[in-house]
Structures are given as structure tokens and as C-alpha cells.
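Trainee: Take this structure first; my questions come after.
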Amino acid sequence: MALRGVWQLNKLMVSYCDWGGSSRGIRAFMESHLPAFREINPQLEVVTELNRGQHPYLKGLYKNKNERVVCVKSLSSEEILLCSTQLRNSLGRKVHPSVQGTWTTELKLEG
């Protein structure tokens, strides 16, 4: 998200394993969605990092020196694209717990 017209996410680190089953989705994301994501977001530095034997994750480094890490173990490439877009759109501020719970735009009605 832009704060006063300036994008807050500086760097997106994509960490994956080249043979692990939990990294299958992130490898597909890197082949299909990551080139277009880089093209759409020229203000963002995207770095891929090979970590053998570790579960995949996305790490966002923000202008205010905060970072957010999202585990993307066994997620599909579309779900990982959604996670990377959410990292790009967030301000990087610390989330304080609320008595009412975390606010979300999704309405889930059970019945």
C-alpha cells in the first residue's frame, strides 16, 4: 500500500527448496506468476533464495525497518500470488491484538 504516494514494501524475498514437496506451489509460482508480478511492480526488489530442506516462505522488508514473514508451505501458486499481493499492499506496521479480533473484509456466514 502506498502511504502518501510511496510504496512501503522495499524488498520481497522468496525462499524455496528445489526438491521438497512443500515447495511445489512456490516453484510453480516462480515459473508462472513471478515474472508478471515483477513487471507490474517495478518499485519492488524481488529476490529468490534457495534453502534446501526448508519449508518455503515469503519475507517482506518495509521502509520502516519492519519485516513480515508468511509461510507458504503446500499452498498453490494462486494462493502464493495472493499472499505476495497482500504483503505488497500492507504498510508493514505491527498489528496490535484487539479484543474484538482481527478485522477482515471476508464475511463468513455459517448456517
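We name chains A, B, ... following the order of the C-alpha cells; residues begin at 1 in each chain, and ligands are numbered from 1 as shown.
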Could you pull out the strand (DSSP E) residues of chain A, going by DSSP on the backbone, and write them as a list in words?
Mentor: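 Residues of chain A classed as strand (DSSP E): Ala2, Leu3, Val6, Trp7, Leu9, Asn10, Lys11, Leu12, Met13, Val14, Ser15, Tyr16, Glu45, Val46, Val47, Thr48, Glu49, Leu50, Tyr57, Leu58, Lys59, Gly60, Leu61, Tyr62, Glu67, Arg68, Val69, Val70 and Cys71 of chain A.
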Trainee: Can you write just those residues out, N, CA, C and O atoms, as a short mmCIF file (atom, residue, chain, number, x, y, z; two decimals), in the first residue's frame?
Mentor:
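Resulting contents of again.cif:
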data_model
loop_
_atom_site.label_atom_id
_atom_site.label_comp_id
_atom_site.auth_asym_id
_atom_site.auth_seq_id
_atom_site.Cartn_x
_atom_site.Cartn_y
_atom_site.Cartn_z
N ALA A 2 0.42 2.22 -0.62
CA ALA A 2 1.18 3.46 -0.67
C ALA A 2 0.75 4.37 0.47
O ALA A 2 -0.43 4.57 0.72
N LEU A 3 1.72 4.88 1.19
CA LEU A 3 1.48 5.85 2.24
C LEU A 3 1.98 7.19 1.73
O LEU A 3 3.17 7.34 1.46
N VAL A 6 3.87 6.75 -1.56
CA VAL A 6 5.12 5.99 -1.57
C VAL A 6 4.82 4.56 -1.15
O VAL A 6 4.28 4.31 -0.07
N TRP A 7 5.19 3.60 -2.00
CA TRP A 7 5.01 2.19 -1.66
C TRP A 7 5.89 1.85 -0.47
O TRP A 7 7.06 2.24 -0.40
N LEU A 9 6.59 -1.38 0.79
CA LEU A 9 7.37 -2.61 0.67
C LEU A 9 8.58 -2.35 -0.21
O LEU A 9 8.46 -1.98 -1.38
N ASN A 10 9.78 -2.53 0.35
CA ASN A 10 11.01 -2.35 -0.40
C ASN A 10 11.45 -3.61 -1.12
O ASN A 10 11.83 -3.57 -2.28
N LYS A 11 11.40 -4.73 -0.40
CA LYS A 11 12.00 -5.96 -0.90
C LYS A 11 11.12 -7.15 -0.55
O LYS A 11 10.61 -7.24 0.57
N LEU A 12 10.94 -8.04 -1.51
CA LEU A 12 10.21 -9.28 -1.30
C LEU A 12 11.17 -10.43 -1.51
O LEU A 12 11.73 -10.58 -2.60
N MET A 13 11.39 -11.22 -0.46
CA MET A 13 12.27 -12.38 -0.56
C MET A 13 11.42 -13.64 -0.70
O MET A 13 10.51 -13.86 0.09
N VAL A 14 11.72 -14.43 -1.72
CA VAL A 14 11.01 -15.68 -1.98
C VAL A 14 11.98 -16.81 -1.67
O VAL A 14 12.97 -17.01 -2.37
N SER A 15 11.73 -17.55 -0.60
CA SER A 15 12.61 -18.64 -0.18
C SER A 15 11.92 -19.96 -0.50
O SER A 15 10.74 -20.14 -0.18
N TYR A 16 12.68 -20.90 -1.09
CA TYR A 16 12.09 -22.15 -1.54
C TYR A 16 13.14 -23.26 -1.51
O TYR A 16 14.33 -23.02 -1.35
N GLU A 45 11.93 -4.68 -5.18
CA GLU A 45 13.05 -5.58 -5.43
C GLU A 45 12.61 -6.98 -5.02
O GLU A 45 12.26 -7.22 -3.87
N VAL A 46 12.63 -7.92 -5.97
CA VAL A 46 12.23 -9.30 -5.69
C VAL A 46 13.47 -10.19 -5.77
O VAL A 46 14.17 -10.20 -6.78
N VAL A 47 13.73 -10.92 -4.69
CA VAL A 47 14.91 -11.77 -4.59
C VAL A 47 14.45 -13.20 -4.32
O VAL A 47 13.61 -13.43 -3.45
N THR A 48 15.00 -14.16 -5.07
CA THR A 48 14.72 -15.57 -4.79
C THR A 48 15.91 -16.16 -4.05
O THR A 48 17.06 -15.83 -4.33
N GLU A 49 15.60 -17.05 -3.12
CA GLU A 49 16.62 -17.62 -2.26
C GLU A 49 16.38 -19.13 -2.14
O GLU A 49 15.29 -19.55 -1.76
N LEU A 50 17.39 -19.92 -2.46
CA LEU A 50 17.29 -21.37 -2.38
C LEU A 50 17.70 -21.83 -0.99
O LEU A 50 18.84 -21.58 -0.56
N TYR A 57 8.81 -19.77 2.22
CA TYR A 57 8.18 -18.62 2.84
C TYR A 57 8.42 -17.38 2.00
O TYR A 57 9.31 -17.34 1.15
N LEU A 58 7.60 -16.38 2.24
CA LEU A 58 7.77 -15.05 1.66
C LEU A 58 8.13 -14.10 2.79
O LEU A 58 7.53 -14.17 3.86
N LYS A 59 9.11 -13.24 2.56
CA LYS A 59 9.50 -12.26 3.57
C LYS A 59 9.44 -10.88 2.94
O LYS A 59 10.04 -10.63 1.90
N GLY A 60 8.69 -9.99 3.57
CA GLY A 60 8.58 -8.62 3.10
C GLY A 60 9.37 -7.69 4.00
O GLY A 60 9.21 -7.71 5.21
N LEU A 61 10.25 -6.88 3.40
CA LEU A 61 11.05 -5.90 4.14
C LEU A 61 10.52 -4.51 3.79
O LEU A 61 10.46 -4.15 2.60
N TYR A 62 10.15 -3.75 4.79
CA TYR A 62 9.46 -2.48 4.60
C TYR A 62 10.37 -1.28 4.89
O TYR A 62 11.42 -1.42 5.51
N GLU A 67 9.62 -6.20 9.20
CA GLU A 67 9.54 -7.28 8.22
C GLU A 67 8.39 -8.21 8.59
O GLU A 67 8.03 -8.33 9.76
N ARG A 68 7.82 -8.82 7.57
CA ARG A 68 6.75 -9.79 7.76
C ARG A 68 7.14 -11.06 7.02
O ARG A 68 7.57 -11.01 5.88
N VAL A 69 6.93 -12.18 7.68
CA VAL A 69 7.24 -13.48 7.10
C VAL A 69 5.94 -14.27 7.00
O VAL A 69 5.19 -14.36 7.98
N VAL A 70 5.67 -14.82 5.82
CA VAL A 70 4.46 -15.61 5.60
C VAL A 70 4.89 -17.00 5.13
O VAL A 70 5.59 -17.13 4.12
N CYS A 71 4.49 -18.02 5.86
CA CYS A 71 4.79 -19.40 5.46
C CYS A 71 3.83 -19.79 4.34
O CYS A 71 2.61 -19.62 4.45
#
Trainee: Applying 12 Å and only C-alpha atoms, which residues near Val72 of chain A remain after dropping the ones on its own chain fewer than 6 positions away? List them as a PyMOL selection string.
Mentor: chain A and resi 14-17+21-27+29+54-59+78-84
Trainee: Rounded to one decimal in Å, what is the spacing between atom CA of Gln8 of chain A and atom CA of Gly92 of chain A?
Mentor: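 Taking atom CA of Gln8 of chain A and atom CA of Gly92 of chain A, their separation equals 7.1 Å.
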Trainee: Hey, can you check how far atom CA of Asn66 of chain A sits from atom CA of Leu87 of chain A?
Mentor: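 Value for the atom CA of Asn66 of chain A-atom CA of Leu87 of chain A distance: 11.9 Å.
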Trainee: How many Å lie between atom CA of Ser77 of chain A and atom CA of Gln43 of chain A, rounded to one decimal?
Mentor: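 Atom-to-atom, atom CA of Ser77 of chain A and atom CA of Gln43 of chain A are spaced 22.3 Å apart.
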Trainee: DSSP on the backbone: which residues in segment 2-111 of chain A end up as alpha helix (DSSP H)? Give the answer as a PyMOL selection string.
Mentor: chain A and resi 24-32+34-40+77-89
